[in-house]
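Q: I am sharing target03.txt, which consists of compact mmCIF, C-alpha atoms and all ligand atoms:
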# COMPACT_ATOMS: atom_id res chain seq x y z
CA MET A 1 22.94 -102.59 64.16
CA MET A 2 21.19 -100.63 66.90
CA ASP A 3 18.83 -97.92 65.73
CA GLN A 4 19.35 -94.33 66.82
CA ILE A 5 16.56 -94.36 69.40
CA THR A 6 17.93 -97.45 71.14
CA LEU A 7 21.35 -95.80 71.26
CA LEU A 8 19.74 -92.66 72.66
CA LEU A 9 18.10 -94.62 75.50
CA LYS A 10 21.46 -96.17 76.39
CA ASP A 11 23.15 -92.78 76.64
CA PRO A 12 24.33 -92.53 80.28
CA GLY A 13 24.31 -88.72 80.03
CA LEU A 14 20.59 -88.53 79.24
CA SER A 15 18.42 -87.42 82.17
CA PRO A 16 15.74 -89.84 83.45
CA ALA A 17 13.02 -87.31 82.47
CA LEU A 18 14.24 -87.11 78.86
CA LYS A 19 14.51 -90.92 78.78
CA THR A 20 10.87 -91.16 79.88
CA ILE A 21 9.79 -88.81 77.08
CA ALA A 22 11.80 -90.82 74.53
CA GLN A 23 10.11 -93.98 75.78
CA LYS A 24 6.69 -92.32 75.31
CA VAL A 25 7.57 -91.49 71.70
CA ILE A 26 8.64 -95.09 71.09
CA ASN A 27 5.37 -96.35 72.62
CA GLU A 28 3.39 -93.80 70.59
CA GLU A 29 2.08 -92.23 73.79
CA ARG A 30 1.14 -88.58 74.03
CA ILE A 31 3.53 -86.26 75.87
CA SER A 32 2.22 -83.85 78.52
CA GLU A 33 2.49 -80.06 78.73
CA ALA A 34 5.23 -80.48 81.37
CA ASP A 35 7.09 -82.79 78.95
CA GLY A 36 6.76 -80.19 76.20
CA LEU A 37 8.26 -77.51 78.42
CA LEU A 38 11.09 -79.82 79.43
CA LEU A 39 11.87 -80.46 75.77
CA TYR A 40 12.08 -76.74 75.06
CA GLU A 41 14.22 -76.10 78.15
CA GLN A 42 16.55 -79.08 78.17
CA ALA A 43 16.54 -81.26 75.07
CA SER A 44 19.51 -81.16 72.70
CA LEU A 45 19.09 -80.75 68.96
CA SER A 46 20.32 -84.28 68.28
CA TYR A 47 17.91 -85.83 70.82
CA LEU A 48 14.96 -83.91 69.35
CA GLY A 49 16.00 -84.78 65.80
CA ILE A 50 16.09 -88.50 66.53
CA LEU A 51 12.62 -88.50 68.11
CA ALA A 52 10.97 -86.18 65.57
CA ASN A 53 12.47 -88.09 62.68
CA GLN A 54 11.19 -91.36 64.12
CA ILE A 55 7.64 -89.91 64.11
CA ARG A 56 8.08 -88.45 60.62
CA GLN A 57 9.29 -91.79 59.27
CA ARG A 58 6.44 -93.63 60.98
CA LYS A 59 3.84 -91.31 59.51
CA HIS A 60 5.28 -90.54 56.07
CA GLY A 61 8.49 -92.46 55.45
CA ASP A 62 10.63 -90.28 53.18
CA LYS A 63 7.64 -88.65 51.48
CA THR A 64 7.91 -84.87 51.32
CA TYR A 65 5.02 -82.89 49.93
CA PHE A 66 4.85 -79.65 48.01
CA ASN A 67 2.16 -77.95 45.97
CA ARG A 68 1.90 -75.37 43.25
CA ASN A 69 0.19 -72.26 44.48
CA PHE A 70 0.25 -68.51 44.22
CA HIS A 71 -0.66 -65.68 46.55
CA LEU A 72 -3.23 -62.96 46.10
CA GLU A 73 -2.90 -60.08 48.55
CA PRO A 74 -5.85 -57.67 48.17
CA THR A 75 -4.21 -54.96 50.28
CA ASN A 76 -1.32 -54.25 52.61
CA VAL A 77 -3.15 -51.44 54.36
CA CYS A 78 -4.52 -52.55 57.69
CA LEU A 79 -6.55 -51.27 60.59
CA TYR A 80 -4.49 -53.23 63.05
CA THR A 81 -1.01 -52.45 64.30
CA CYS A 82 0.66 -55.77 65.07
CA THR A 83 4.15 -54.91 66.24
CA PHE A 84 5.83 -57.75 64.30
CA CYS A 85 4.23 -56.81 61.00
CA SER A 86 6.55 -55.33 58.38
CA TYR A 87 3.96 -55.68 55.73
CA SER A 88 1.09 -53.45 56.63
CA ARG A 89 1.00 -49.74 55.93
CA LEU A 90 -1.11 -48.15 58.61
CA ILE A 91 -4.33 -46.62 57.51
CA LYS A 92 -2.67 -43.21 58.17
CA LYS A 93 0.00 -43.98 55.56
CA ARG A 94 -2.44 -45.42 53.08
CA GLU A 95 -0.79 -43.84 50.06
CA GLU A 96 2.27 -46.08 50.57
CA GLY A 97 0.26 -49.24 50.20
CA TRP A 98 -1.92 -50.95 47.61
CA GLU A 99 -5.67 -51.62 47.60
CA TYR A 100 -6.76 -53.75 44.65
CA THR A 101 -10.22 -53.48 43.19
CA MET A 102 -12.25 -56.53 42.25
CA GLU A 103 -11.23 -56.11 38.59
CA GLU A 104 -7.55 -55.84 39.49
CA MET A 105 -7.74 -58.99 41.54
CA LEU A 106 -9.43 -60.93 38.78
CA ASP A 107 -6.72 -59.75 36.40
CA LEU A 108 -4.13 -61.13 38.82
CA ILE A 109 -5.98 -64.46 38.92
CA LYS A 110 -6.10 -64.51 35.12
CA LYS A 111 -2.31 -64.16 34.94
CA TYR A 112 -2.19 -67.81 36.01
CA ASP A 113 -4.52 -69.04 33.29
CA GLY A 114 -3.01 -72.10 31.63
CA LYS A 115 -0.42 -72.52 34.40
CA PRO A 116 -0.58 -75.75 36.42
CA VAL A 117 -1.29 -74.14 39.80
CA THR A 118 -3.87 -75.85 41.99
CA GLU A 119 -4.38 -73.26 44.74
CA VAL A 120 -4.72 -69.54 45.33
CA HIS A 121 -3.79 -68.41 48.84
CA ILE A 122 -5.59 -65.14 49.62
CA VAL A 123 -4.46 -63.09 52.60
CA GLY A 124 -3.82 -59.45 53.36
CA GLY A 125 -4.62 -56.50 55.60
CA VAL A 126 -7.99 -55.69 57.14
CA LEU A 127 -9.94 -52.74 55.69
CA PRO A 128 -13.63 -51.77 55.83
CA GLN A 129 -14.20 -51.94 52.06
CA TYR A 130 -13.13 -55.58 52.00
CA ASP A 131 -16.30 -56.74 53.68
CA LEU A 132 -18.38 -59.90 53.68
CA LYS A 133 -20.08 -59.04 50.40
CA PHE A 134 -16.77 -58.16 48.74
CA TYR A 135 -15.22 -61.52 49.59
CA GLU A 136 -18.38 -63.41 48.61
CA ASP A 137 -18.24 -61.68 45.22
CA LEU A 138 -14.49 -62.34 44.88
CA PHE A 139 -14.76 -66.06 45.66
CA ARG A 140 -17.73 -66.43 43.29
CA ALA A 141 -15.91 -64.60 40.52
CA ILE A 142 -12.80 -66.79 40.92
CA LYS A 143 -14.89 -69.96 40.81
CA ALA A 144 -16.82 -68.70 37.78
CA HIS A 145 -13.53 -68.09 35.99
CA ARG A 146 -11.63 -71.20 37.11
CA PRO A 147 -13.83 -73.66 39.03
CA GLU A 148 -11.08 -76.17 39.84
CA LEU A 149 -8.78 -73.60 41.47
CA HIS A 150 -8.78 -74.28 45.22
CA ILE A 151 -9.46 -71.15 47.27
CA LYS A 152 -7.49 -71.11 50.53
CA ALA A 153 -8.44 -67.75 51.92
CA LEU A 154 -8.38 -65.32 54.83
CA THR A 155 -7.94 -66.04 58.50
CA PRO A 156 -10.12 -65.63 61.59
CA VAL A 157 -8.62 -62.14 61.88
CA GLU A 158 -10.46 -61.05 58.72
CA TYR A 159 -13.51 -63.25 59.34
CA HIS A 160 -14.00 -61.97 62.89
CA TYR A 161 -13.85 -58.40 61.57
CA ILE A 162 -16.13 -58.81 58.55
CA PHE A 163 -18.73 -60.87 60.40
CA LYS A 164 -18.92 -58.34 63.22
CA LYS A 165 -19.22 -55.51 60.71
CA GLY A 166 -21.84 -57.43 58.72
CA LYS A 167 -23.71 -58.30 61.95
CA VAL A 168 -23.73 -62.02 61.28
CA SER A 169 -22.76 -64.85 63.60
CA TYR A 170 -19.57 -66.84 62.99
CA GLU A 171 -21.75 -69.79 61.98
CA GLU A 172 -23.73 -67.86 59.40
CA GLY A 173 -20.67 -66.01 58.14
CA MET A 174 -18.59 -69.13 57.59
CA LYS A 175 -21.50 -70.82 55.86
CA ARG A 176 -21.83 -67.87 53.49
CA MET A 177 -18.10 -68.01 52.73
CA VAL A 178 -18.31 -71.72 51.97
CA ASP A 179 -21.37 -71.18 49.77
CA ALA A 180 -19.44 -68.53 47.85
CA GLY A 181 -16.54 -70.92 47.13
CA LEU A 182 -14.14 -70.94 50.09
CA ASP A 183 -12.43 -74.34 50.10
CA SER A 184 -9.97 -74.16 52.98
CA MET A 185 -8.47 -71.76 55.48
CA PRO A 186 -4.76 -70.97 55.87
CA GLY A 187 -3.15 -70.97 59.29
CA GLY A 188 -2.34 -67.28 59.73
CA GLY A 189 -3.38 -64.89 62.46
CA ALA A 190 -2.64 -67.38 65.24
CA GLU A 191 0.58 -65.61 66.33
CA ILE A 192 0.86 -66.61 70.02
CA PHE A 193 -2.46 -67.42 71.65
CA HIS A 194 -1.53 -66.62 75.25
CA PRO A 195 -3.01 -63.20 76.15
CA GLU A 196 0.21 -62.09 77.90
CA ILE A 197 1.90 -62.06 74.50
CA ARG A 198 -1.03 -61.66 72.12
CA ASP A 199 -2.19 -58.41 73.74
CA GLU A 200 1.33 -57.03 73.44
CA ILE A 201 2.10 -57.94 69.82
CA ALA A 202 -1.31 -58.25 68.17
CA GLY A 203 -3.68 -56.25 70.35
CA GLY A 204 -7.20 -55.55 69.07
CA LYS A 205 -7.52 -58.41 66.62
CA CYS A 206 -9.39 -61.61 67.34
CA ASN A 207 -8.28 -63.40 70.49
CA ALA A 208 -7.29 -67.04 70.88
CA GLU A 209 -10.80 -68.27 71.68
CA GLU A 210 -12.25 -66.47 68.65
CA TRP A 211 -9.48 -67.76 66.35
CA LEU A 212 -10.05 -71.32 67.53
CA ARG A 213 -13.86 -71.05 67.41
CA ILE A 214 -13.85 -69.92 63.77
CA HIS A 215 -11.64 -72.88 62.82
CA GLU A 216 -13.91 -75.19 64.81
CA ILE A 217 -17.00 -73.98 62.95
CA PHE A 218 -15.23 -74.33 59.62
CA HIS A 219 -14.21 -77.90 60.51
CA GLU A 220 -17.80 -78.68 61.52
CA LEU A 221 -18.88 -77.56 58.05
CA GLY A 222 -16.64 -80.33 56.71
CA HIS A 223 -13.66 -78.21 55.69
CA ARG A 224 -9.97 -78.33 56.50
CA SER A 225 -7.60 -75.66 57.70
CA ASN A 226 -4.02 -75.07 58.81
CA ALA A 227 -2.51 -73.62 61.96
CA THR A 228 0.59 -71.51 62.56
CA MET A 229 2.62 -70.19 65.47
CA LEU A 230 4.71 -67.04 65.16
CA TYR A 231 7.67 -67.78 67.43
CA GLY A 232 11.07 -66.44 68.38
CA HIS A 233 10.26 -62.92 69.60
CA VAL A 234 9.09 -61.94 73.09
CA GLU A 235 7.32 -65.16 74.00
CA LYS A 236 8.69 -67.66 76.51
CA PHE A 237 8.79 -71.42 76.04
CA HIS A 238 5.69 -71.92 78.19
CA HIS A 239 3.71 -69.66 75.82
CA ARG A 240 4.71 -71.92 72.92
CA VAL A 241 3.60 -75.00 74.85
CA ASP A 242 0.29 -73.33 75.68
CA HIS A 243 -0.18 -72.56 71.97
CA LEU A 244 0.53 -76.14 70.92
CA GLU A 245 -1.75 -77.48 73.64
CA ARG A 246 -4.71 -75.36 72.51
CA LEU A 247 -4.24 -76.58 68.94
CA ARG A 248 -3.92 -80.21 70.01
CA LYS A 249 -7.12 -79.94 72.08
CA LEU A 250 -9.15 -78.54 69.19
CA GLN A 251 -7.71 -81.13 66.84
CA ASP A 252 -8.83 -83.88 69.26
CA LYS A 253 -12.33 -82.45 68.97
CA THR A 254 -12.63 -81.85 65.22
CA GLY A 255 -9.70 -83.49 63.39
CA GLY A 256 -10.00 -80.63 60.91
CA PHE A 257 -6.42 -79.31 60.91
CA GLN A 258 -4.19 -80.60 58.17
CA THR A 259 -0.86 -78.93 58.75
CA PHE A 260 1.03 -77.04 61.41
CA ILE A 261 3.39 -74.32 60.18
CA PRO A 262 5.82 -72.74 62.64
CA LEU A 263 6.60 -69.19 61.45
CA LYS A 264 9.96 -67.77 62.47
CA PHE A 265 9.74 -64.10 63.49
CA ARG A 266 11.78 -61.90 61.12
CA ASN A 267 12.79 -58.53 62.47
CA LYS A 268 13.33 -56.17 59.54
CA ASN A 269 11.20 -53.03 59.08
CA ASN A 270 8.86 -53.53 61.99
CA GLU A 271 8.33 -52.26 65.51
CA MET A 272 10.17 -55.23 66.95
CA SER A 273 13.39 -54.75 65.02
CA HIS A 274 15.28 -54.54 68.30
CA VAL A 275 14.29 -58.15 69.12
CA ALA A 276 16.92 -60.64 67.98
CA GLU A 277 15.81 -63.44 65.67
CA SER A 278 15.98 -67.08 66.71
CA THR A 279 18.98 -69.15 65.63
CA THR A 280 18.76 -71.94 63.07
CA ILE A 281 19.37 -74.42 65.90
CA GLU A 282 16.33 -73.04 67.73
CA ASP A 283 14.28 -73.18 64.53
CA LEU A 284 15.10 -76.86 64.07
CA ARG A 285 14.42 -77.61 67.75
CA ASN A 286 11.06 -75.90 67.39
CA TYR A 287 10.08 -77.96 64.33
CA ALA A 288 11.05 -81.13 66.15
CA ILE A 289 9.13 -80.27 69.33
CA ALA A 290 6.05 -79.39 67.27
CA ARG A 291 6.31 -82.79 65.54
CA ILE A 292 6.58 -84.58 68.88
CA TYR A 293 3.86 -82.57 70.65
CA LEU A 294 1.21 -82.46 67.91
CA ASP A 295 0.66 -86.20 67.70
CA ASN A 296 -2.77 -85.67 66.12
CA PHE A 297 -1.52 -83.44 63.26
CA GLU A 298 -0.66 -85.31 60.09
CA HIS A 299 1.72 -82.75 58.60
CA ILE A 300 4.37 -80.25 59.71
CA LYS A 301 5.29 -77.68 57.10
CA ALA A 302 8.41 -75.54 56.66
CA TYR A 303 7.69 -72.34 54.83
CA TRP A 304 10.83 -72.10 52.73
CA PRO A 305 10.52 -68.48 51.52
CA MET A 306 10.80 -67.46 55.15
CA ILE A 307 13.61 -69.66 56.44
CA GLY A 308 15.54 -70.18 53.21
CA ARG A 309 16.21 -73.29 51.18
CA THR A 310 19.02 -74.71 53.29
CA THR A 311 17.13 -74.61 56.59
CA ALA A 312 14.08 -76.00 54.79
CA GLN A 313 16.23 -78.94 53.65
CA LEU A 314 17.59 -79.45 57.17
CA SER A 315 14.09 -79.30 58.65
CA LEU A 316 13.21 -82.48 56.75
CA ALA A 317 15.37 -84.37 59.29
CA PHE A 318 13.57 -82.66 62.20
CA GLY A 319 9.99 -83.75 61.70
CA VAL A 320 8.97 -81.63 58.70
CA ASN A 321 7.32 -83.46 55.80
CA ASP A 322 5.98 -80.58 53.71
CA ILE A 323 7.57 -77.59 52.01
CA ASP A 324 5.30 -74.80 50.84
CA GLY A 325 4.63 -74.57 47.15
CA THR A 326 6.37 -73.50 44.01
CA ILE A 327 5.26 -69.97 44.57
CA ASP A 328 6.66 -67.05 42.71
CA ASP A 329 7.14 -63.60 44.22
CA THR A 330 3.44 -62.99 44.72
CA THR A 331 3.81 -62.64 48.48
CA LYS A 332 5.33 -59.59 50.06
CA ILE A 333 4.71 -60.50 53.70
CA TYR A 334 8.15 -62.00 54.24
CA THR A 335 10.37 -60.17 51.84
CA MET A 336 9.37 -57.01 53.68
CA ALA A 337 10.21 -58.60 57.03
CA GLY A 338 13.72 -59.60 55.98
CA SER A 339 13.19 -63.25 55.04
CA GLU A 340 16.00 -65.34 53.58
CA GLU A 341 14.44 -65.34 50.16
CA GLN A 342 14.20 -61.89 48.63
CA SER A 343 12.48 -63.16 45.52
CA PRO A 344 10.87 -66.39 46.60
CA SER A 345 10.51 -68.37 43.44
CA LEU A 346 11.35 -72.00 42.76
CA SER A 347 10.43 -74.03 39.74
CA THR A 348 8.99 -77.49 40.26
CA ARG A 349 12.28 -78.97 39.15
CA GLU A 350 14.27 -76.90 41.63
CA LEU A 351 11.91 -77.81 44.44
CA VAL A 352 12.06 -81.51 43.55
CA ASN A 353 15.87 -81.36 43.49
CA LEU A 354 15.92 -79.57 46.81
CA ILE A 355 13.96 -82.47 48.35
CA ARG A 356 15.84 -85.21 46.54
CA SER A 357 19.23 -83.87 47.46
CA VAL A 358 18.56 -84.70 51.11
CA ASP A 359 17.42 -88.19 50.15
CA LYS A 360 13.69 -87.64 50.45
CA GLN A 361 10.90 -88.44 48.01
CA ALA A 362 9.24 -85.44 46.38
CA ILE A 363 5.47 -85.67 46.02
CA GLU A 364 3.39 -82.92 44.47
CA ARG A 365 0.05 -82.65 46.27
CA ASP A 366 -3.07 -80.57 46.04
CA THR A 367 -4.24 -78.55 49.04
CA LEU A 368 -6.00 -81.56 50.55
CA TYR A 369 -2.94 -83.83 50.14
CA ASN A 370 -4.25 -85.79 47.21
CA VAL A 371 -1.22 -86.84 45.17
CA VAL A 372 -0.91 -84.85 41.95
CA GLN A 373 2.42 -86.39 40.92
CA ASP A 374 4.98 -88.62 42.59
CA TYR A 375 8.45 -87.50 41.50
CA THR A 376 10.33 -90.35 43.18
CA ASP A 377 11.40 -92.00 39.92
CA HIS A 378 10.59 -89.11 37.66
CA LYS A 379 13.17 -88.09 35.09
CA PHE A 380 12.99 -84.52 33.90
CA PRO A 381 13.73 -83.95 30.21
CA ASP A 382 17.50 -83.74 29.61
CA GLU A 383 18.17 -84.94 33.15
CA GLU A 384 20.68 -87.67 33.72
CA VAL A 385 19.72 -90.49 36.04
CA TYR A 386 19.42 -89.15 39.54
CA LYS A 387 22.65 -89.88 41.36
CA GLY A 388 22.00 -88.80 44.92
CA TYR A 389 23.29 -85.57 46.36
CA ILE A 390 22.85 -82.49 44.22
CA ALA A 391 24.71 -79.41 45.39
CA LEU A 392 22.50 -76.34 45.49
CA PRO A 393 23.64 -72.78 45.28
CA VAL A 394 23.97 -71.24 48.73
CA VAL A 395 21.36 -68.57 49.32
O1 LIG B 401 -0.36 -64.40 60.60
C1 LIG B 401 3.70 -61.53 59.71
C2 LIG B 401 3.13 -64.00 59.93
C3 LIG B 401 1.31 -64.88 58.91
C4 LIG B 401 5.84 -61.60 60.18
O2 LIG B 401 -1.64 -71.98 55.88
C5 LIG B 401 5.34 -62.90 60.15
O3 LIG B 401 -0.47 -72.80 54.25
C6 LIG B 401 7.40 -63.71 60.65
O4 LIG B 401 -0.10 -67.67 57.98
N1 LIG B 401 7.96 -62.49 60.74
C7 LIG B 401 0.56 -65.01 57.58
N2 LIG B 401 6.11 -63.96 60.38
C8 LIG B 401 1.11 -66.11 56.69
C9 LIG B 401 0.60 -67.49 57.02
C10 LIG B 401 0.93 -68.65 56.14
C11 LIG B 401 2.09 -68.67 55.38
C12 LIG B 401 2.35 -69.77 54.57
C13 LIG B 401 1.46 -70.82 54.48
C14 LIG B 401 0.30 -70.79 55.23
C15 LIG B 401 -0.67 -71.92 55.13
C16 LIG B 401 0.04 -69.71 56.09
O5 LIG B 401 2.61 -64.36 58.68
C17 LIG B 401 0.74 -63.92 59.92
C18 LIG B 401 1.93 -63.76 60.84
O6 LIG B 401 1.92 -64.75 61.82
N3 LIG B 401 4.01 -62.82 59.89
N4 LIG B 401 4.81 -60.77 59.89
C19 LIG B 401 7.21 -61.40 60.50
N5 LIG B 401 7.76 -60.18 60.62
FE1 LIG B 402 -2.73 -56.30 59.83
FE2 LIG B 402 -2.13 -58.89 59.65
FE3 LIG B 402 -0.14 -57.05 59.71
FE4 LIG B 402 -1.58 -57.54 61.93
S1 LIG B 402 -0.24 -59.05 60.86
S2 LIG B 402 -1.05 -55.50 61.09
S3 LIG B 402 -3.63 -57.98 61.09
S4 LIG B 402 -1.69 -57.30 58.08
Represent the structure of the file as structure tokens.
Ligand code: V47
Ligand code: SF4
A:
Amino acid sequence: MMDQITLLLKDPGLSPALKTIAQKVINEERISEADGLLLYEQASLSYLGILANQIRQRKHGDKTYFNRNFHLEPTNVCLYTCTFCSYSRLIKKREEGWEYTMEEMLDLIKKYDGKPVTEVHIVGGVLPQYDLKFYEDLFRAIKAHRPELHIKALTPVEYHYIFKKGKVSYEEGMKRMVDAGLDSMPGGGAEIFHPEIRDEIAGGKCNAEEWLRIHEIFHELGHRSNATMLYGHVEKFHHRVDHLERLRKLQDKTGGFQTFIPLKFRNKNNEMSHVAESTTIEDLRNYAIARIYLDNFEHIKAYWPMIGRTTAQLSLAFGVNDIDGTIDDTTKIYTMAGSEEQSPSLSTRELVNLIRSVDKQAIERDTLYNVVQDYTDHKFPDEEVYKGYIALPVV
């Protein structure tokens, strides 16, 4: 029987340019920026799915990773005014937001004592009192309380601000963060790198070069980080290609990125509510193109609280091999922006079933992709033998 890619190449309706790109994927050759643009402009969902799935299968087979984490959001008050942000309460409307003290944050950390979480993801707004010293103290206090808890914290947006305010270089600042207990960096704050878009939607915060430089320094210190792209608003396809290209270039240099996470723009309660959201078809095309373009990234992650469980399941056939953790409703960033999941909480068993029901293997990982537990042949208590498709409630 002919495999899907061979059938694709024999399709008389496929343009020579798309055939050439398919051939590159088969030969494991890198595609160019022009190829990337052509994929966004012309490639069908089925074409992209076949190619992205081929790469996913080559890299990971059916393995699909998840981890157990929780979010800590020190504040939702922010100095910046990103137009897509539904989360922040401007400094002028401070009373509508929250600003946790050190003690309050440690209490939130302690709520997870005895629970099998491996990671705390810390992210929030930017405010002067959350300075370099504050975060050093916070990381140290978390490690003193629970040394094995992995701290994945802050983005270059916060680091750029606190280092400037503290009058330290990026190099010195990142070293101090690592010394205090920072283990890895999440992918946020990347938005769209191209200044034509960045200045419009995220003016005033760190620019593309600064975002990339802080990740580079962190990688040079021997640490790993993620990258995101906030897509589906006012950017054009060439801005997305530019974004992917800048990430691919830095990854060639450092190899320090673990995972790429496309973030679908949600339009509730923000200054861009008039901008229509992308369709599910476009979301799946975007995952697939990211998988094809970022040949030097090991993992592509779908953030299920944002896109919903069903699209997350579908994404696993479009290049995605990771679904964000078994988090509970500790993050407000997306619920406030109108995400699919109003109370994003899944138990390990639900998450495993979600992965299994599309015939993939569920693997629990830690932040650095060490296997915590392989659920492929796992039988939950009171569970009958796994029989294939499990219908999930529609959300
Ligand atoms: O930088 C804010 C995005 C990001 C909206 O590294 C929005 O494992 C869509 O980066 N519509 C922060 N997106 C979250 C983030 C993240 C999430 C999950 C996992 C990881 C990881 C990182 O959220 C921001 C911004 O790009 N965002 N508002 C919105 N209305
Ligand atoms: Fe502040 Fe981040 Fe919201 Fe921008 S996206 S306003 S930096 S919290």
Q: Which residues sit within 12 Å of ligand LIG 402 (chain B), counting all atoms listed in the file, listed as number ranges by chain?
A: A: 73-91, 97, 123-127, 154-161, 188-192, 198-207, 230, 265, 270-271, 332-334, 336-337
Q: Output, as JSON, the centre and edge lengths in Å (one decimal) of the axis-aligned box that contains all listed atoms of ligand LIG 401 (chain B) with 6 Å of margin on each side.
A:
{"center_x": 3.2, "center_y": -66.5, "center_z": 58.0, "size_x": 21.6, "size_y": 24.6, "size_z": 19.6}
Q: Can you tell me how far CA of Phe163 (chain A) sits from CA of Arg140 (chain A), in Å to one decimal?
A: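 Atom-to-atom, CA of Phe163 (chain A) to CA of Arg140 (chain A), that is 18.0 Å.
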Q: Quick one, how far is CA of Tyr100 (chain A) from CA of Phe70 (chain A)?
A: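 We find that CA of Tyr100 (chain A) and CA of Phe70 (chain A) lie 16.3 Å from each other.
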Q: Would you please work out which residue, of A:Ile261, A:Leu38, A:Ile300, A:Ile109, is nearest to His238 (chain A) when using all atoms listed in the file?
A: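 Ranked by minimum distance to His238 (chain A), first place goes to A:Leu38.
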Q: Could you tell me which of A:Glu171, A:Glu364, A:Glu216, A:Asp179 comes closest to Lys143 (chain A) if we count all atoms listed in the file?
A: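 Result for the nearest residue to Lys143 (chain A): A:Asp179.
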Q: From the options A:Glu172, A:Leu18, A:Thr101, A:Gly114, which residue's atoms come nearest to Leu48 (chain A), counting all atoms listed in the file?
A: A:Leu18
Q: Check the smallest atom-to-atom distance from each of A:Arg213, A:Arg56, A:Lys264, A:Arg248 to ligand LIG 401 (chain B) using only C-alpha atoms and all ligand atoms, then report the winner.
A: A:Lys264
Q: If I put a ball of radius 12 Å at (13.6, -80.1, 46.0) in the file's coordinates, which residues poke into it when counting only C-alpha atoms, written as a ChimeraX atom specification?
A: /A:63-67,304,309-310,312-314,316,322-326,346-364,375-376,389-392
Q: Taking (-21.3, -75.9, 59.5) in the file's coordinates as the center, which residues reach within 9 Å of it, counting all atoms listed in the file, put as a list in words?
A: Glu171, Glu172, Met174, Lys175, Ile217, Phe218, His219, Glu220, Leu221, Gly222 and His223 of chain A
Q: When you draw a straight line from CA of Lys164 (chain A) to CA of Glu209 (chain A), how long is it in Å?
A: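 Atom-to-atom, CA of Lys164 (chain A) to CA of Glu209 (chain A), that is 15.4 Å.
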